[in-house]
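**Student:** I'd like to ask you about the structure that follows.
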4 protein chains.
Amino acid sequence: MDIIVLKPGATSKELRNIVKKLEGRGFKSHISKGTERTVIGVIGDTSKITEDENSAFQIMPGVEKIHRIIKPFRLASRDFKPKNSVIKIRGHSIGGKKIHIMAGPCAIEKMSTLLKIAKEVKKAGATFIRGGAFKPRTSPYSFQGLGEEGLKILAHAREKTGLPVVTELMDPRDINVVLKYVDVIQIGARNMQNFRLLQEVGSHNKPVLLKRGLSATIKELLMAAEYIMSQGNNKVILCERGIRTFETATRNTLDLNAVPVLKNLTHLPVIVDPSHGAGKWDLVAPMSKAAVAAGADGLMIEVHTKPEEALSDGDQSLKPEKFKTLMKELRLVAKAVGRTI
Amino acid sequence: MDIIVLKPGATSKELRNIVKKLEGRGFKSHISKGTERTVIGVIGDTSKITEDENSAFQIMPGVEKIHRIIKPFRLASRDFKPKNSVIKIRGHSIGGKKIHIMAGPCAIEKMSTLLKIAKEVKKAGATFIRGGAFKPRTSPYSFQGLGEEGLKILAHAREKTGLPVVTELMDPRDINVVLKYVDVIQIGARNMQNFRLLQEVGSHNKPVLLKRGLSATIKELLMAAEYIMSQGNNKVILCERGIRTFETATRNTLDLNAVPVLKNLTHLPVIVDPSHGAGKWDLVAPMSKAAVAAGADGLMIEVHTKPEEALSDGDQSLKPEKFKTLMKELRLVAKAVGRTI
Amino acid sequence: MDIIVLKPGATSKELRNIVKKLEGRGFKSHISKGTERTVIGVIGDTSKITEDENSAFQIMPGVEKIHRIIKPFRLASRDFKPKNSVIKIRGHSIGGKKIHIMAGPCAIEKMSTLLKIAKEVKKAGATFIRGGAFKPRTSPYSFQGLGEEGLKILAHAREKTGLPVVTELMDPRDINVVLKYVDVIQIGARNMQNFRLLQEVGSHNKPVLLKRGLSATIKELLMAAEYIMSQGNNKVILCERGIRTFETATRNTLDLNAVPVLKNLTHLPVIVDPSHGAGKWDLVAPMSKAAVAAGADGLMIEVHTKPEEALSDGDQSLKPEKFKTLMKELRLVAKAVGRTI
Amino acid sequence: MDIIVLKPGATSKELRNIVKKLEGRGFKSHISKGTERTVIGVIGDTSKITEDENSAFQIMPGVEKIHRIIKPFRLASRDFKPKNSVIKIRGHSIGGKKIHIMAGPCAIEKMSTLLKIAKEVKKAGATFIRGGAFKPRTSPYSFQGLGEEGLKILAHAREKTGLPVVTELMDPRDINVVLKYVDVIQIGARNMQNFRLLQEVGSHNKPVLLKRGLSATIKELLMAAEYIMSQGNNKVILCERGIRTFETATRNTLDLNAVPVLKNLTHLPVIVDPSHGAGKWDLVAPMSKAAVAAGADGLMIEVHTKPEEALSDGDQSLKPEKFKTLMKELRLVAKAVGRTI
């Protein structure tokens with residue numbers, strides 16, 4: 001049901017036209033005349049009314065405002081599927097009691113470095129390796145990633161450690177090469193509304209880790225998930241990674257409110273990336289613990305053996321020993337909120 | 001030290017004028033000529049250069065930009081006082097290992113209700129009672145608080161429970177009546193830059209709980225603390241309570257990044273108000289746990305026996321039984337991060 | 001009329017309780033049962049329902065959301081008074097065809113400087129003098145203004161030029177001294193929600209220039225105007241002066257959209273302050289012209305004979321000759337949109 | 001030149017290490033020891049230091065902060081090319097004295113409708129036709145555009161009216177079909193940081209209209225332009241179209257400050273899209289006039305003969321008669337600021 005509020009001076013002819021247009025699309029009208037205003041309750045399955053149709057009603061003479069009652073996302077909605085989705089990846093389950101830690105460097109550089117990092121994070125308790133082969137960089141003059149070479153290194157690290165791997169896809173033209181090597185496809189914050197890319201990953205059966213855009217509302221994040229799911233792929237993991245605000249003391253403002261709000265609105269798993277979210281390595285530990293306490297199903301953490309030589313985002317990476325300490329602390333917090341790591 | 005960057009085409013006369021002006025104020029200049037630009041290092045105690053003087057340098061011919069190295073706050077800075085400040089209030093210490101919970105209704109309504117709430121929160125483990133007698137309401141037609149009558153009720157609740165009380169001061173003309181009844185004076189978010197009010201509470205010896213403004217940067221929050229401290233009152237407790245962003249799913253965006261960032265920049269205690277920060281009672285529990293995990297020294301939580309009859313902000317208040325459950329969970333999280341409640 | 005949307009599974013008992021509570025407050029209910037949801041139309045003068053009462057309904061069992069139809073401001077609303085308010089000040093009319101330019105230094109410094117500036121801006125066509133005697137400064141160590149001495153200088157400048165004067169009031173305790181000397185009382189952006197100060201200026205008959213807060217919505221600005229008007233003072237001039245966003249290239253983001261939006265929602269005059277809004281003198285000219293083209297009723301512009309020696313905000317002040325040039329350009333733009341200056 | 005500020009307690013060994021690393025990359029160091037801090041001036045062509053290398057210096061022991069003096073964009077910078085770029089398209093020049101108006105529907109629907117709109121806007125004075133064949137829609141259930149069929153209709157309208165056409169490209173896989181039919185390729189706000197798409201359009205010789213992202217800073221917009229230009233295509237037109245802020249009264253906040261700020265920083269033409277920027281048709285006229293007064297080189301305006309039947313964004317489209325009236329008003333404002341339309 002939608003609610004159409006008429007303007008104070010709306011005429012009865014205007015009212016009739018709206019009712020007629022509604023009937024033409026198969027809806028019934030329920031009219032309430034108040035002391036100052038008239039309101040139309042639209043009866044029928046209003047979830048079928050698209051944004052565009054709604055927009056067309058919006059500008060009919062006499063209409064002041066339309067309140068939509070139905071949520072614009074369906075497949076992603078907890079109303080549609082009340083039980084938590086648990087996504088299985090090579091024997092791991094994301095979205096259940098266990099919290100998963102995805103760790104690794106921002107960008108994949110060379111085989112030996114990645115292998116070293118992968119072994120360290122595995123030892124500390126991470127269950128996934130993350131690392132970028134295609135890097136979305138603000139400057140065209142920055143390192144853009146190793147491409148397929150990086151994917152091969154990543155796949156080799158999986159072979160050696162047994163940990164499944166996560167990497168970003170930036171271009172629909174790279175879908176096949178990415179599908180070939182990785183276990184989870186990441187869609188980065190800057191591509192959250194790259195709708196063609198969403199449709200592309202939606203038409204395969206590989207799990208997708210969808211990062212929230214820098215200025216995306218929670219509703220828009222769920223609409224982006226809906227884009228993927230509407231193509232048939234339900235294996236979507238949502239990721240909060242910091243939004244853009246006026247604050248300049250942190251690179252972004254990691255929005256942990258998003259965790260309980262999302263858990264309430266959707267059945268999909270929700271993870272948090274405190275490395276990009278806060279943007280400085282010394283904030284990663286407190287924000288990781290806070291994310292777990294807020295109910296996150298996983299964390300994505302940048303780890304590098306030599307951050308000072310990293311080709312990307314070295315200043316937000318943890319060294320393996322700090323990561324190991326953090327993992328111990330995280331286990332205590334997870335236990336305090338009834339979860340495991 | 002400050003750094004003055006000259007424009008690409010700055011003349012040597014412009015350079016000389018700047019150097020002369022600096023010398024006139026007792027500073028030495030250290031000039032670096034690069035391949036494209038000249039930069040002046042200002043040597044001396046540049047913390048004495050006020051914003052206004054800096055602004056005057058900014059518009060001198062030849063100047064492109066000034067980078068200030070010194071932080072604009074001093075008394076509030078951890079550089080100035082490396083050790084954590086611990087604020088003592090009626091036998092309680094805020095800023096130490098123990099995390100304090102300040103609980104109570106948004107607005108003080110009547111004696112019996114407040115007493116009931118106060119006893120419940122004390123039983124559950126709260127160590128302070130919060131409640132407003134002067135209420136900053138967006139609408140002039142909303143309940144504005146009971147005024148002095150409310151303060152008396154608050155003082156009575158302290159007498160009956162032994163818990164110290166926190167209440168908001170909105171108007172410098174009310175300072176004496178507030179000083180008479182309360183233990184901690186709260187400065188609300190909307191008054192964070194009401195500089196006269198800050199100066200007023202700075203000139204008394206009563207602890208001040210200073211809430212971050214809705215669009216205040218962390219630096220501005222610390223400058224507001226500096227206003228209070230510059231008058232002689234060092235007993236300042238900072239409070240994160242949510243900032244304003246584009247997100248509409250929550251009333252505000254509780255910025256937990258502020259907790260570790262503040263703990264790094266200042267020696268003052270930092271508490272979090274998840275009730276106003278998120279604005280919905282079902283977000284209070286997860287965000288409270290997250291705040292403790294992030295390192296907060298205390299929490300301010302709205303509790304009401306009958307939220308549905310509350311005269312203010314009923315929709316963000318917890319009922320006593322939910323508060324009791326939350327306190328149990330918080331104790332586990334506090335323990336996990338090496339603190340107690 | 002308000003609309004109460006029930007949750008998908010709301011019971012008929014929950015519905016009955018809501019209807020009963022509405023009846024207890026004198027409202028009738030109009031119930032629409034849709035295919036998925038039930039909606040209650042609240043009939044009667046719902047503008048009497050306060051925020052607090054609404055909040056109490058919000059948390060009743062079965063309620064999902066309440067859509068309020070009535071605007072929360074009344075006296076300030078164009079629904080309430082369709083015709084533009086024109087505010088008369090010493091023979092000048094603000095809110096009519098003529099656009100008024102208020103010019104002068106950020107802070108009043110000394111008699112001779114202010115007189116010189118006042119004469120220059122008058123000659124160029126300004127119709128009001130602006131200047132601060134009480135200065136809200138971010139740092140307690142910055143120049144705080146001359147106080148009453150500054151007001152005397154301002155009144156003297158009025159005497160010499162005949163131009164009415166505008167100055168800021170920061171503290172309700174200064175109301176009498178400000179009333180004695182000035183023609184328009186300015187409420188600064190940081191005090192837009194200093195409700196006690198609003199009530200104080202609302203209880204006198206002096207025109208008030210109310211600046212929009214840095215993170216205030218347009219609705220909140222109108223609620224602040226309502227605070228003043230609810231005390232009996234209808235002479236309110238609204239002022240857009242820049243909001244806080246993520247952008248760092250400008251000090252604030254001057255929101256010119258606010259001009260047509262406000263002109264649509266309220267009958268009060270709307271002026272723009274491009275000096276604070278953009279924060280750099282070289283942006284003042286283009287943004288002033290844009291403000292006039294967008295429909296502003298006036299501009300507030302900082303002018304200083306020696307910006308490099310100004311005690312406050314020198315970097316956003318125009319020199320008199322630049323101001324004179326700007327005034328000529330503004331007259332052309334004003335004419336192009338059917339106004340005069 | 002860059003400036004490296006050391007921490008208060010930085011050791012001389014730390015200083016030596018930094019100097020050594022700088023020397024290793026071919027830079028000289030100029031060391032200033034102040035009373036509290038030491039600062040290193042980096043001498044040489046520091047524009048060669050990438051973000052990544054900078055990040056690596058950032059985390060060296062002893063470093064507190066690095067101030068970069070060089071702007072990260074070069075080809076787009078006015079420092080690099082002081083004179084305005086004028087982009088020629090089928091006999092029209094964008095970036096000169098004449099202001100260009102690009103008008104048309106949000107989405108291309110059918111031949112007859114587009115032809116009718118195209119003729120009307122041409123008659124009123126528009127010099128380009130705009131219309132989307134590939135539509136980035138928030139919901140997967142909204143109309144996604146006609147694809148190549150739409151491009152054909154657009155090309156046909158050009159043939160009939162002689163006006164060049166602008167359309168959006170969303171997917172690098174569609175580049176050839178878009179190149180075949182259109183005169184200006186639009187990159188939408190949601191794709192401003194779709195770096196692969198930027199590189200794709202950068203490697204052809206077709207003019208690109210680049211829209212600012214919803215939360216993109218002005219610097220990031222220029223970096224996106226730099227991505228295109230770094231591939232060899234200098235024909236970039238920048239477009240301000242509204243940013244995301246906390247304000248909810250408008251769909252976005254059209255940031256007109258961006259116009260003079262961009263004109264100052266870059267030689268590229270700057271146009272404004274008030275239809276998306278404000279999001280309501282009744283704000284389009286005042287904001288269009290304001291944009292011209294602020295110095296825009298062009299406007300992009302949605303026009304539709306039957307907005308109530310439009311398949312996309314009908315509520316922000318002008319009808320031809322309103323557009324005609326607006327064009328007359330715009331000519332007056334353009335003249336007032338020394339331009340023509």
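Chains: A, B, ... in order of the structure tokens. Residues: from 1 per chain. Ligands: from 1, in order shown.
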From a DSSP pass on the backbone, collect the residues of segment 19-262 of chain C flagged as strand (DSSP E) and hand them back as a PyMOL selection string.

**Tutor:** chain C and resi 28-33+38-43+63-68+87-89+92-94+100-104+128-130+165-168+184-187+208-211+236-240

**Student:** So that I can see what lies close to Ile59 of chain B, please list as number ranges by chain the residues with an atom at most 7 Å from it, counting only C-alpha atoms and leaving out residues fewer than 3 positions away in the same chain.

**Tutor:** B: 55-56, 63; C: 308, 315

**Student:** Show me, as a PyMOL selection string, the residues that have an atom within 8 Å of segment 122-129 of chain C when counting only C-alpha atoms, minus same-chain residues fewer than 5 positions from it.

**Tutor:** chain C and resi 100-104+158+161+163-166+323-324+327+341

**Student:** Mind running chain D against chain C at 9 Å and telling me each contacting residue's nearest atom pair with the distance in Å (one decimal), counting only C-alpha atoms, chain and number ascending, as a tab-separated table?

**Tutor:**
```
residue	atom	partner	partner_atom	distance
D:Ser215	CA	C:Phe246	CA	7.4
D:Ala216	CA	C:Glu247	CA	7.9
D:Thr217	CA	C:Glu247	CA	5.4
D:Ile218	CA	C:Ala249	CA	6.9
D:Lys219	CA	C:Ala249	CA	7.9
D:Ile243	CA	C:Thr245	CA	8.9
D:Arg244	CA	C:Thr245	CA	8.2
D:Thr245	CA	C:Thr245	CA	6.1
D:Phe246	CA	C:Thr217	CA	7.3
D:Glu247	CA	C:Thr217	CA	5.3
D:Thr248	CA	C:Thr217	CA	7.3
D:Ala249	CA	C:Ile218	CA	6.9
D:Thr250	CA	C:Asn257	CA	7.7
D:Thr253	CA	C:Asn257	CA	6.8
D:Leu254	CA	C:Asn257	CA	6.7
D:Asp255	CA	C:Asp255	CA	6.8
D:Leu256	CA	C:Leu256	CA	7.5
D:Asn257	CA	C:Leu254	CA	6.7
D:Ala258	CA	C:Ala249	CA	8.7
D:Val259	CA	C:Pro286	CA	8.8
D:Pro260	CA	C:Leu283	CA	6.5
D:Val261	CA	C:Leu283	CA	7.5
D:Ala278	CA	C:Asn257	CA	7.0
D:Asp282	CA	C:Pro260	CA	8.6
D:Leu283	CA	C:Pro260	CA	6.5
D:Ala285	CA	C:Ala294	CA	8.4
D:Pro286	CA	C:Ala294	CA	4.6
D:Met287	CA	C:Ala294	CA	5.9
D:Ser288	CA	C:Ala294	CA	8.2
D:Lys289	CA	C:Ala293	CA	5.5
D:Ala290	CA	C:Ala290	CA	4.0
D:Ala291	CA	C:Ala290	CA	6.4
D:Val292	CA	C:Ala290	CA	7.5
D:Ala293	CA	C:Ala290	CA	4.8
D:Ala294	CA	C:Pro286	CA	4.6
D:Gly295	CA	C:Pro286	CA	6.9
D:Glu329	CA	C:Val337	CA	7.3
D:Leu330	CA	C:Ala336	CA	8.6
D:Arg331	CA	C:Ala336	CA	8.7
D:Leu332	CA	C:Ala336	CA	5.1
D:Val333	CA	C:Ala336	CA	5.3
D:Ala334	CA	C:Val333	CA	8.7
D:Lys335	CA	C:Ala336	CA	8.3
D:Ala336	CA	C:Leu332	CA	5.1
D:Val337	CA	C:Val333	CA	7.2
```

**Student:** Looking at only C-alpha atoms, which of D:Gly279, D:Gly132, D:Pro140, D:Gly242 is the one that sits closest to Leu311 of chain D?

**Tutor:** D:Gly132

**Student:** Excluding Val42 of chain A and any residue of its chain fewer than 5 positions from it, enumerate the residues within 7 Å of it, using only C-alpha atoms, and give them as a list in words.

**Tutor:**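 My list of contacting residues is Met1, Asp2, Ile3, Phe27, Lys28, Ser29 and His30 of chain A.
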
**Student:** For the selection you just gave me, I'd like the residues written to a file as a PDB file, in the first residue's frame, keeping all heavy atoms.

**Tutor:**
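Wrote result.pdb, looks like this:
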```
ATOM      1  N   MET A   1       0.831  -1.213   0.000  1.00  0.00           N
ATOM      2  CA  MET A   1       0.000   0.000   0.000  1.00  0.00           C
ATOM      3  C   MET A   1       0.857   1.252   0.000  1.00  0.00           C
ATOM      4  O   MET A   1       1.840   1.344   0.718  1.00  0.00           O
ATOM      5  CB  MET A   1      -0.887   0.021   1.247  1.00  0.00           C
ATOM      6  CG  MET A   1      -1.565   1.382   1.412  1.00  0.00           C
ATOM      7  SD  MET A   1      -2.767   1.427   2.703  1.00  0.00           S
ATOM      8  CE  MET A   1      -4.089   0.481   2.000  1.00  0.00           C
ATOM      9  N   ASP A   2       0.453   2.194  -0.839  1.00  0.00           N
ATOM     10  CA  ASP A   2       1.079   3.509  -0.830  1.00  0.00           C
ATOM     11  C   ASP A   2       0.038   4.531  -0.382  1.00  0.00           C
ATOM     12  O   ASP A   2      -1.156   4.268  -0.426  1.00  0.00           O
ATOM     13  CB  ASP A   2       1.572   3.893  -2.232  1.00  0.00           C
ATOM     14  CG  ASP A   2       2.833   3.135  -2.610  1.00  0.00           C
ATOM     15  OD1 ASP A   2       3.321   2.359  -1.769  1.00  0.00           O
ATOM     16  OD2 ASP A   2       3.308   3.316  -3.734  1.00  0.00           O
ATOM     17  N   ILE A   3       0.530   5.691   0.059  1.00  0.00           N
ATOM     18  CA  ILE A   3      -0.349   6.751   0.545  1.00  0.00           C
ATOM     19  C   ILE A   3      -0.104   7.983  -0.308  1.00  0.00           C
ATOM     20  O   ILE A   3       1.029   8.455  -0.397  1.00  0.00           O
ATOM     21  CB  ILE A   3       0.012   7.107   2.006  1.00  0.00           C
ATOM     22  CG1 ILE A   3      -0.071   5.884   2.922  1.00  0.00           C
ATOM     23  CG2 ILE A   3      -0.841   8.256   2.506  1.00  0.00           C
ATOM     24  CD1 ILE A   3      -1.452   5.406   3.161  1.00  0.00           C
ATOM     25  N   PHE A  27      -5.379  -0.768  -9.353  1.00  0.00           N
ATOM     26  CA  PHE A  27      -5.409  -0.529  -7.909  1.00  0.00           C
ATOM     27  C   PHE A  27      -6.746   0.058  -7.480  1.00  0.00           C
ATOM     28  O   PHE A  27      -7.403   0.770  -8.235  1.00  0.00           O
ATOM     29  CB  PHE A  27      -4.287   0.444  -7.503  1.00  0.00           C
ATOM     30  CG  PHE A  27      -2.931  -0.124  -7.774  1.00  0.00           C
ATOM     31  CD1 PHE A  27      -2.158   0.327  -8.835  1.00  0.00           C
ATOM     32  CD2 PHE A  27      -2.425  -1.136  -6.966  1.00  0.00           C
ATOM     33  CE1 PHE A  27      -0.918  -0.216  -9.110  1.00  0.00           C
ATOM     34  CE2 PHE A  27      -1.181  -1.689  -7.233  1.00  0.00           C
ATOM     35  CZ  PHE A  27      -0.417  -1.232  -8.304  1.00  0.00           C
ATOM     36  N   LYS A  28      -7.101  -0.239  -6.226  1.00  0.00           N
ATOM     37  CA  LYS A  28      -8.282   0.390  -5.642  1.00  0.00           C
ATOM     38  C   LYS A  28      -7.841   1.571  -4.794  1.00  0.00           C
ATOM     39  O   LYS A  28      -6.713   1.620  -4.314  1.00  0.00           O
ATOM     40  CB  LYS A  28      -9.033  -0.617  -4.771  1.00  0.00           C
ATOM     41  CG  LYS A  28      -9.790  -1.636  -5.592  1.00  0.00           C
ATOM     42  CD  LYS A  28     -10.680  -2.488  -4.718  1.00  0.00           C
ATOM     43  CE  LYS A  28     -11.280  -3.615  -5.556  1.00  0.00           C
ATOM     44  NZ  LYS A  28     -11.672  -4.739  -4.703  1.00  0.00           N
ATOM     45  N   SER A  29      -8.746   2.512  -4.600  1.00  0.00           N
ATOM     46  CA  SER A  29      -8.419   3.687  -3.797  1.00  0.00           C
ATOM     47  C   SER A  29      -9.276   3.717  -2.549  1.00  0.00           C
ATOM     48  O   SER A  29     -10.465   3.373  -2.589  1.00  0.00           O
ATOM     49  CB  SER A  29      -8.723   4.963  -4.582  1.00  0.00           C
ATOM     50  OG  SER A  29      -7.919   5.007  -5.724  1.00  0.00           O
ATOM     51  N   HIS A  30      -8.683   4.124  -1.455  1.00  0.00           N
ATOM     52  CA  HIS A  30      -9.427   4.284  -0.215  1.00  0.00           C
ATOM     53  C   HIS A  30      -9.220   5.728   0.209  1.00  0.00           C
ATOM     54  O   HIS A  30      -8.110   6.109   0.550  1.00  0.00           O
ATOM     55  CB  HIS A  30      -8.884   3.303   0.827  1.00  0.00           C
ATOM     56  CG  HIS A  30      -9.788   3.168   1.990  1.00  0.00           C
ATOM     57  ND1 HIS A  30      -9.366   2.847   3.239  1.00  0.00           N
ATOM     58  CD2 HIS A  30     -11.122   3.347   2.079  1.00  0.00           C
ATOM     59  CE1 HIS A  30     -10.393   2.812   4.050  1.00  0.00           C
ATOM     60  NE2 HIS A  30     -11.468   3.105   3.373  1.00  0.00           N
TER      61      HIS A  30
END
```

**Student:** How would you write, as a list in words, the set of residues in segment 248-308 of chain A that DSSP gives as helix (DSSP H, G or I)?

**Tutor:**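 DSSP on the backbone gives helix (DSSP H, G or I) at Ala258, Val259, Pro260, Val261, Leu262, Lys263, Asn264, Leu265, Pro274, Ser275, His276, Gly277, Ala278, Trp281, Asp282, Leu283, Val284, Ala285, Pro286, Met287, Ser288, Lys289, Ala290, Ala291, Val292, Ala293, Ala294, Pro307 and Glu308 of chain A.
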
**Student:** What's the 7 Å shell around Glu64 of chain A, counting only C-alpha atoms, without same-chain residues fewer than 3 positions away, as a list of chain:residue names?

**Tutor:**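 In the requested form, the answer reads A:Val5, A:Leu6, A:Lys7.
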
**Student:** Please determine, counting only C-alpha atoms, which residue among D:Lys180, D:Ile185, D:Ile31, D:Phe195 has the shortest atom-to-atom distance to Leu238 of chain D.

**Tutor:**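 Using only C-alpha atoms, Leu238 of chain D sits closest to D:Ile185.
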
**Student:** Find the distance between atom CA of His304 of chain A and atom CA of Ile108 of chain A and write it in Å to one decimal.

**Tutor:**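 These two atoms are separated by 10.2 Å.
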
**Student:** What lies within 8 Å of Gln231 of chain B using only C-alpha atoms, ignoring chain neighbours under 2 positions off, as a short mmCIF file (atom, residue, chain, number, x, y, z; two decimals) with all heavy atoms, in the first residue's frame?

**Tutor:**
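Output saved as selection.cif:
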```cif
data_model
loop_
_atom_site.label_atom_id
_atom_site.label_comp_id
_atom_site.auth_asym_id
_atom_site.auth_seq_id
_atom_site.Cartn_x
_atom_site.Cartn_y
_atom_site.Cartn_z
N GLN B 199 32.41 29.41 28.63
CA GLN B 199 33.21 30.24 29.54
C GLN B 199 32.59 30.26 30.93
O GLN B 199 33.28 30.23 31.94
CB GLN B 199 33.35 31.66 28.98
CG GLN B 199 34.35 31.71 27.82
CD GLN B 199 34.35 33.03 27.07
OE1 GLN B 199 33.32 33.65 26.91
NE2 GLN B 199 35.53 33.43 26.57
N GLY B 202 33.30 27.10 32.64
CA GLY B 202 34.75 27.03 32.84
C GLY B 202 35.19 27.79 34.07
O GLY B 202 36.27 27.53 34.61
N SER B 203 34.36 28.71 34.52
CA SER B 203 34.80 29.54 35.65
C SER B 203 34.28 29.02 36.99
O SER B 203 34.34 29.72 38.00
CB SER B 203 34.38 30.99 35.41
OG SER B 203 32.98 31.06 35.31
N TYR B 227 38.07 25.97 25.59
CA TYR B 227 37.34 27.15 26.09
C TYR B 227 37.05 27.01 27.59
O TYR B 227 37.25 27.93 28.37
CB TYR B 227 36.00 27.31 25.36
CG TYR B 227 35.96 28.48 24.38
CD1 TYR B 227 36.19 28.28 23.03
CD2 TYR B 227 35.67 29.77 24.82
CE1 TYR B 227 36.14 29.35 22.13
CE2 TYR B 227 35.62 30.83 23.93
CZ TYR B 227 35.86 30.63 22.59
OH TYR B 227 35.82 31.68 21.71
N ILE B 228 36.57 25.82 27.96
CA ILE B 228 36.23 25.58 29.38
C ILE B 228 37.51 25.60 30.20
O ILE B 228 37.60 26.28 31.24
CB ILE B 228 35.50 24.23 29.52
CG1 ILE B 228 34.19 24.26 28.73
CG2 ILE B 228 35.26 23.89 30.98
CD1 ILE B 228 33.50 22.91 28.59
N MET B 229 38.52 24.86 29.75
CA MET B 229 39.77 24.73 30.51
C MET B 229 40.53 26.05 30.61
O MET B 229 41.21 26.31 31.60
CB MET B 229 40.63 23.64 29.88
CG MET B 229 39.94 22.28 29.91
SD MET B 229 40.79 21.03 28.91
CE MET B 229 41.92 20.38 30.16
N ASN B 233 38.80 25.51 34.65
CA ASN B 233 38.15 24.26 35.03
C ASN B 233 38.66 23.11 34.14
O ASN B 233 38.33 23.04 32.95
CB ASN B 233 36.63 24.43 34.88
CG ASN B 233 35.87 23.21 35.39
OD1 ASN B 233 36.47 22.18 35.73
ND2 ASN B 233 34.55 23.33 35.44
#
```

**Student:** Fewer than 4 positions away in the same chain doesn't count, so skip those; otherwise give me all residues within 7 Å of Val303 of chain B, counting only C-alpha atoms, as a CSV table (one decimal) with all heavy atoms, in the first residue's frame.

**Tutor:**
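Below is the file part22.csv, written as the result:
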```csv
chain,number,residue,atom,x,y,z
B,103,ALA,N,22.6,6.6,33.6
B,103,ALA,CA,21.4,6.2,33.0
B,103,ALA,C,20.2,7.0,33.6
B,103,ALA,O,20.3,7.5,34.7
B,103,ALA,CB,21.2,4.7,33.3
B,104,GLY,N,19.1,7.0,32.9
B,104,GLY,CA,18.0,7.7,33.4
B,104,GLY,C,17.1,8.2,32.2
B,104,GLY,O,17.5,8.0,31.1
B,105,PRO,N,16.0,9.0,32.5
B,105,PRO,CA,15.1,9.4,31.5
B,105,PRO,C,15.7,10.6,30.7
B,105,PRO,O,16.6,11.3,31.2
B,105,PRO,CB,13.9,9.8,32.2
B,105,PRO,CG,14.4,10.3,33.5
B,105,PRO,CD,15.6,9.4,33.9
B,317,SER,N,14.4,5.2,24.4
B,317,SER,CA,14.6,4.8,25.7
B,317,SER,C,14.5,3.2,25.9
B,317,SER,O,13.6,2.6,25.3
B,317,SER,CB,13.6,5.4,26.7
B,317,SER,OG,13.9,6.8,26.8
B,318,LEU,N,15.3,2.7,26.8
B,318,LEU,CA,15.2,1.3,27.1
B,318,LEU,C,14.3,1.1,28.3
B,318,LEU,O,14.3,2.0,29.2
B,318,LEU,CB,16.6,0.7,27.5
B,318,LEU,CG,17.7,0.6,26.4
B,318,LEU,CD1,18.9,-0.1,27.0
B,318,LEU,CD2,17.1,-0.2,25.2
B,319,LYS,N,13.6,0.0,28.4
B,319,LYS,CA,12.9,-0.3,29.6
B,319,LYS,C,13.9,-0.9,30.6
B,319,LYS,O,14.9,-1.5,30.2
B,319,LYS,CB,11.8,-1.3,29.3
B,319,LYS,CG,10.6,-0.7,28.6
B,319,LYS,CD,9.4,-1.5,28.7
B,319,LYS,CE,8.3,-0.9,27.8
B,319,LYS,NZ,7.0,-1.6,27.9
B,320,PRO,N,13.6,-0.8,31.9
B,320,PRO,CA,14.6,-1.3,32.9
B,320,PRO,C,15.0,-2.7,32.7
B,320,PRO,O,16.2,-3.1,32.9
B,320,PRO,CB,13.9,-1.1,34.3
B,320,PRO,CG,13.0,0.0,34.0
B,320,PRO,CD,12.5,-0.1,32.6
```

**Student:** Here is a test: counting only C-alpha atoms, which residue of B:Arg137, B:Ile66, B:His267, B:Ser47 is nearest to Val236 of chain B?

**Tutor:**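 For Val236 of chain B, the nearest of the candidates is B:His267.
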
**Student:** Interatomic distance between atom CA of Lys65 of chain B and atom CA of Ile4 of chain B?

**Tutor:**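 Result for atom CA of Lys65 of chain B versus atom CA of Ile4 of chain B: 6.2 Å, one decimal.
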
**Student:** Could you tell me how far atom CA of Ser230 of chain C lies from atom CA of Asn54 of chain C, in Å and to one decimal?

**Tutor:**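 Here the two named atoms are 20.7 Å from each other.
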